[in-house]
Structure formats: C-alpha cells, structure tokens
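What follows is a single structure, written as structure tokens, with notes after it.
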Amino acid sequence: MSHPHTHLRPGTPPPPAGAADWRAWSQAWTQHVPVLTGRTDLTVLVAPGAAGDAPECFYPALNRIEVDATYIADSPDVTDPAKARHKRLVPTGYGLLVHGAAHAAHSRWTTPPGTPPILATVADLLEESRAEGRQRARRRGDRRWLRHVVTTLLRPDGAAVDDAWHAGQLAALLLARVDARIVTSKDVRPVRAAVTGVLGRKRLRQLRDIWREAHTCDDTDAGTMICLARRWCQVLGIDPDQQYDTPVPDPGLFPGRLAAALVDYLAVAAGVTPAEYAAALLAYRHSPPAEWDRTEPTEQEHRAARDLANRLRAARTRHPDPGRRPSPIPPGRLRTRQAITADAQAAAGQMPTAAPWQQRAQLPPEKPRLHLAVLVDLSGSMARYTQAMSSAAWIFANAARRAQATTTTIGFGDRTTVLVPPRTYPRQVLHMRTELATATFPEAVKVADQFLDLRHGRALRMLAVVSDGYLDDIPAGQQLVTTLHRAGCAVLWLHPADPPTDGEPADPDQIWGHTFTHATTLAVTDPAEAIAAIADAAVTALTQA
C-alpha cells in the first residue's frame, strides 16, 4: 500500500534521467494543471523515475507535481498530450496528475513542528481521501480519473499482517474513499469485511466518524487534522506520546485476511482472478536477474527427472491390497458351496452359519497432491551448493509434471528470487548466483506459502530449506517455521556438515548451523546428498500418506 509520505513530500528531489524525452508532456501538463487546481504557479515534470519511489509526488516547496512516466506508457509518442483526447488513452497517468492536483489545490496545511511521526503519518492517511473528496466536489468529472489511480496508489504489501494498525491504514486509504465518493461501497465490500474482522464493528464506526470529520476540515487546518490523528491512535489502542514511530509489521507473521481482501480488490480492478493477480505480482517482484546463465539440461538431469517422477508416481499409487471377508448378506461375490450349506442349515431348522457372500474391503481414498517448496540459501557461504540446487530445481519441476505434484524453487539472499514458479516446466536450467546476505529468508517463506498455500488445504505440504542456518533474522524465521509446523506442513532443513572457512566473516547475531525447532534437520556432506534427501523425503511422505 503506497504510503502518503511517498507522494506528498518536502525538499528538493534530484533531477530524473530521461526528462528531455518527455519534455512535451511536462509542458502540456504544466499548461493544463491550472484548470485542475485553479493555481497558476505550478509546474509538472513527467519523466521515467520521477516522483522518487512513488507513481506521483507533489513538492509544496517547489510548487511542482512529478509523475513517473512509466505509469503513462513505454514511449512518449503514445499520444499527443496537448490534445484533450489523450487522457482517455492514458487514464492511469492522467489520474496521477489529477491526484497530484488534488494535493496541490487542497493540501495547504503543514505538520506542526514537534509532532510525533505517528501522528503525522495518520494525518497524511486522512488527507488522502480528504483532498480527493474536495477535488471531486469542485470538479465532479475528475472522479473518473481518480478511480483509475486508486489501484496504482495501493500496494498489496501495505496490509502485511492482520493487526489494528494495518487494518486502520487500509480503512483510511480505501474505505474512507467511499465517503469521499471516489469508489463505491460495492467496490470495497471484501475489504470492509476484512477490516471489520480485525477491528470489530465498534472501532470501525469510530474510525469512520474520524475520517468523515476530516473531510469537513478546511484546507489549512493543520491543528484539527493532528487532533483527529490523535483520536485515531487512541481508537487503535496506540499512545502517540509513548510510541512515536509508525508500527512496522512483525516479519514472523504471515499475511492474513487484510492482504487477501486487498488482492481481491486489486484483481477485480485489473480484470483478472485473485490467483492470477497474485502470481503475476510475485513473478514481477521476484523474477531472476537477467545476468543469470541458462543452459540446456544434460542427459543425466533428464534421467534424474524421469527416475524421480517414477518414484513419486509409484508412491502415489501404491496402496495395500484390499482384503476379502465373508458376509451373510450381499453385496459381493456369491460363493456357491457356502450358499448351498446355508440353505441346508435353514432346511434343517438350524441357524445358518455359512456366509455365502464374499466382499472386498473398500479401496483407500486417493492420495493428496504433493506441494513441495524448496528454498535455497544464496549467501556466499553456500556457494558450492548453488549450481547443484539449480539443477535440482529443473529436476523437481519436470518430475512434478509427470507425477501430479506441484513444486517451486526460491532463492533467498539480498533479495528473494523465484527460480521456478509453480506449474511451470522450464526447458533450460537457470543457474543461481550467490549474494552477500540472507536478509530475505522470512520473505521467501511467505512467497512459498503464497504460491503453494502451505498453511491450508488438503495437499501434502512440505518445505525444504537448504541453508547453513547463518541467517539475519533467526527469531522471525523460527516463528514462521513454527506456524507452518502447526498448520500441518512438514519442514525439512538441510545444512552442510562442514562449517564456514576461517576467512569468512562472523556476525555475533548470527549462528552457523542454527537448528530450528519444529523442523527435521539433516547434516549433508555434499550437494548431491541434499538433493537426494529432499527427493527421499517427498517419496516417503507420499508413501505414508
């Protein structure tokens, strides 16, 4: 979820590259912005990478609106910005301009000096819907363009966990826009349900009273906005005099209903299913670097994939032979001799003891589908494992295609990289490269959960981690591992038996070979042993399912 500070900032930004190519857009929108704002002292800058890390940004000290050109088009010749029809061809880009104009026209207050950062953040959250509502009231036709841009200003990771702060943030940035008449109540129905589930009806009503009061504030009334921000914190159980900074999500918690509801909203706006939207988002964020090498699979890798597929199919289809038992009543197969004996016993006035029917016990239910996520440590101390695990990623993916299984391989280091997404069967082997740190292990676990639903479902779920345990955030990792274990997902941890060399740096906050609770830990002497251990564990789990 985009933070308000990212598109309403003081200071002087560095000049973005590529501004010359988009000069015609900057000039056309500078001439047009007085129509949107009623101000004649504003300039507009359009360029790739403008607005810093936000799609759009307003700099009050410079009287300048910046719009990132990547949200308009790949090339400036997509249309003529001097003609009125251009806005229909680039509705998202033009919506960003209207959003910046709303702040330029109506966000005329500044945060008083000495205000705790958390109060400034809440006031900026409330300002989003207030400024857009004022813009819509002054220029009703702008609602169309503001609706286009709401999804651009929201980010799914803004609802990282289900706590009161993030529920309130989602309410301020989306539910408050219903009362500002930017989006409709029908648009945000799943989001409202999720926020209500976290906050409860009473607290959500109290927050609504606050944002509706903010909508009536004057454009220069900083004092009232800060007072409303203080009331907001009190409703959420936060004391701004004790907690100055904005709460950050616990890295040891998985995303919950807030994130799912936000993804649903964004998927509907994009015209795709939530699963398609989430998969596309993960692929965009965690795609492999372009410099990683690709090679054709060797005959040995093809043979390994076939062998593993055969083992998985055999484990999936192997059932104990159903037993046979005699029965005095059908259904079943009639045994003639026993039927004659039963008739003779009845004719003699005896209680029949013969069982003329033979029944077979029911076959066991079909075994569940295997969901296997493999996480590979890409830190420097695991360098000799990366090539073998790159090969293993190809083997697991192509074996899964033949064995009714679903696998994914994810690398974690300085960033989280999805080597092989689920239900994809690469033709080439993508070779991972080592990095400097293991800062993204918690994120990698969450990505694996999003891909394979490791915490839910009827599938046979397994997470295998190949790492020496020399991690940046062990407590968060332990919390995530414990959550998966309690949800029924088996966790297999494979770490090298040999410690790092003497020349490698040691961090006192990190522990080589750390053993995680609620995980089965195996020490391996070489990469091939790690691959075999993962394959054996998957086959054993299917056999015993």
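A note on labels: chains of the structure tokens are A, B, ... as shown, every chain counts residues from 1, and ligands are counted from 1 in their shown order.
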For range 515-530 of chain A, please output as a ChimeraX atom specification all residues within 7 Å (counting only C-alpha atoms; exclusion window: fewer than 2 positions along the same chain).
/A:385,388,478,481-482,485,491-497,513,532-534
7 Å contact set for Val539 in chain A, only C-alpha atoms, chain neighbours under 6 positions out, as a ChimeraX atom specification
/A:311-312,315
Considering only C-alpha atoms, return as a count of residues only whatever protein or nucleic-acid residues lie within 12 Å of Pro475 in chain A, sequence-local ones (same chain, fewer than 3 positions apart) excluded.
21
Compile the contact shell of Trp292 in chain A as an MDAnalysis selection string: residues with an atom at most 10 Å away, counting only C-alpha atoms, same-chain residues fewer than 4 positions apart removed.
chainID A and resid 288 430:433
Residues at most 10 Å from Asp449 in chain A, counting only C-alpha atoms, excluding those fewer than 3 positions away in the same chain, as a list in words?
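Selected residues are Phe254, Pro255, Ala373, Glu443, Ala444, Val445, Lys446, Leu452, Asp453, Leu454, Arg455, His456, Arg461, Leu463 and Leu484 of chain A.
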Selection export as a PDB file, in the first residue's frame, atoms kept: N, CA and C atoms:
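The resulting file, again.pdb, is shown below:
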ATOM      1  N   PHE A 254       2.629 -14.305   8.933  1.00  0.00           N
ATOM      2  CA  PHE A 254       2.198 -14.424   7.545  1.00  0.00           C
ATOM      3  C   PHE A 254       1.115 -13.393   7.238  1.00  0.00           C
ATOM      4  N   PRO A 255       0.986 -12.980   5.973  1.00  0.00           N
ATOM      5  CA  PRO A 255      -0.156 -12.129   5.607  1.00  0.00           C
ATOM      6  C   PRO A 255      -1.464 -12.855   5.881  1.00  0.00           C
ATOM      7  N   ALA A 373       7.946 -26.977  -1.673  1.00  0.00           N
ATOM      8  CA  ALA A 373       8.675 -25.724  -1.879  1.00  0.00           C
ATOM      9  C   ALA A 373      10.110 -25.922  -1.408  1.00  0.00           C
ATOM     10  N   GLU A 443      10.837 -13.466   3.997  1.00  0.00           N
ATOM     11  CA  GLU A 443      10.052 -13.142   2.803  1.00  0.00           C
ATOM     12  C   GLU A 443       9.947 -14.350   1.880  1.00  0.00           C
ATOM     13  N   ALA A 444      11.028 -15.113   1.738  1.00  0.00           N
ATOM     14  CA  ALA A 444      10.999 -16.291   0.872  1.00  0.00           C
ATOM     15  C   ALA A 444       9.993 -17.319   1.372  1.00  0.00           C
ATOM     16  N   VAL A 445       9.915 -17.503   2.690  1.00  0.00           N
ATOM     17  CA  VAL A 445       8.932 -18.440   3.245  1.00  0.00           C
ATOM     18  C   VAL A 445       7.511 -17.965   2.933  1.00  0.00           C
ATOM     19  N   LYS A 446       7.275 -16.660   3.043  1.00  0.00           N
ATOM     20  CA  LYS A 446       5.941 -16.132   2.763  1.00  0.00           C
ATOM     21  C   LYS A 446       5.587 -16.269   1.285  1.00  0.00           C
ATOM     22  N   LEU A 452       2.017 -21.947  -2.831  1.00  0.00           N
ATOM     23  CA  LEU A 452       1.562 -23.322  -2.626  1.00  0.00           C
ATOM     24  C   LEU A 452       0.571 -23.485  -1.493  1.00  0.00           C
ATOM     25  N   ASP A 453       0.182 -22.382  -0.843  1.00  0.00           N
ATOM     26  CA  ASP A 453      -0.789 -22.444   0.243  1.00  0.00           C
ATOM     27  C   ASP A 453      -0.353 -23.469   1.287  1.00  0.00           C
ATOM     28  N   LEU A 454       0.838 -23.273   1.816  1.00  0.00           N
ATOM     29  CA  LEU A 454       1.430 -24.242   2.731  1.00  0.00           C
ATOM     30  C   LEU A 454       0.706 -24.321   4.065  1.00  0.00           C
ATOM     31  N   ARG A 455      -0.071 -23.310   4.419  1.00  0.00           N
ATOM     32  CA  ARG A 455      -0.755 -23.317   5.710  1.00  0.00           C
ATOM     33  C   ARG A 455      -2.166 -23.868   5.632  1.00  0.00           C
ATOM     34  N   HIS A 456      -2.672 -24.148   4.448  1.00  0.00           N
ATOM     35  CA  HIS A 456      -4.062 -24.569   4.312  1.00  0.00           C
ATOM     36  C   HIS A 456      -4.171 -25.670   3.260  1.00  0.00           C
ATOM     37  N   ARG A 461       1.841 -31.096   2.159  1.00  0.00           N
ATOM     38  CA  ARG A 461       2.668 -29.905   2.069  1.00  0.00           C
ATOM     39  C   ARG A 461       4.025 -30.121   2.724  1.00  0.00           C
ATOM     40  N   LEU A 463       8.061 -28.118   3.083  1.00  0.00           N
ATOM     41  CA  LEU A 463       9.023 -27.048   2.838  1.00  0.00           C
ATOM     42  C   LEU A 463      10.409 -27.588   3.119  1.00  0.00           C
ATOM     43  N   LEU A 484       4.099 -22.945  10.238  1.00  0.00           N
ATOM     44  CA  LEU A 484       3.905 -23.969   9.212  1.00  0.00           C
ATOM     45  C   LEU A 484       3.766 -25.353   9.845  1.00  0.00           C
TER      46      LEU A 484
END
Can you pull out every residue within 8 Å of Arg415 in chain A, counting only C-alpha atoms, but drop anything in the same chain fewer than 6 positions away, and send it as a PyMOL selection string?
chain A and resi 286+439-440
Each residue of range 32-90 of chain A with at least one atom at most 10 Å from range 120-140 of chain A should appear once, together with its nearest atom pair and the corresponding distance in Å (one decimal); atoms considered: only C-alpha atoms; ordering: chain, then increasing residue number; output as a tab-separated table.
residue	atom	partner	partner_atom	distance
A:Val35	CA	A:Arg139	CA	9.8
A:Leu36	CA	A:Arg139	CA	7.9
A:Thr37	CA	A:Gln135	CA	8.4
Just write the chosen residues, N, CA and C atoms, as a short mmCIF file (atom, residue, chain, number, x, y, z; two decimals), in the first residue's frame.
data_model
loop_
_atom_site.label_atom_id
_atom_site.label_comp_id
_atom_site.auth_asym_id
_atom_site.auth_seq_id
_atom_site.Cartn_x
_atom_site.Cartn_y
_atom_site.Cartn_z
N VAL A 35 -6.13 24.40 -14.85
CA VAL A 35 -7.54 24.01 -14.99
C VAL A 35 -7.93 23.07 -13.85
N LEU A 36 -7.02 22.20 -13.45
CA LEU A 36 -7.30 21.21 -12.40
C LEU A 36 -7.22 21.82 -11.00
N THR A 37 -6.39 22.81 -10.81
CA THR A 37 -6.11 23.29 -9.45
C THR A 37 -6.59 24.72 -9.19
#
Quote the spacing between CA of Arg333 in chain A and CA of Trp357 in chain A in Å to one decimal place.
5.4 Å
At a cut-off of 6 Å, using only C-alpha atoms, what residues contact Ala159 in chain A? Leave out same-chain residues fewer than 4 positions from it and give the result as a PyMOL selection string.
chain A and resi 166+258-259
Store the residues of this selection in a file with N, CA, C and O atoms, as a tab-separated table (two decimals), in the first residue's frame.
chain	number	residue	atom	x	y	z
A	166	HIS	N	-2.56	-1.84	10.67
A	166	HIS	CA	-2.68	-2.06	9.23
A	166	HIS	C	-4.14	-2.10	8.80
A	166	HIS	O	-4.47	-1.69	7.68
A	258	LEU	N	-6.49	-9.30	5.61
A	258	LEU	CA	-6.37	-7.96	5.03
A	258	LEU	C	-5.67	-8.02	3.67
A	258	LEU	O	-6.13	-7.41	2.70
A	259	ALA	N	-4.56	-8.73	3.62
A	259	ALA	CA	-3.83	-8.84	2.36
A	259	ALA	C	-4.67	-9.54	1.29
A	259	ALA	O	-4.68	-9.13	0.13
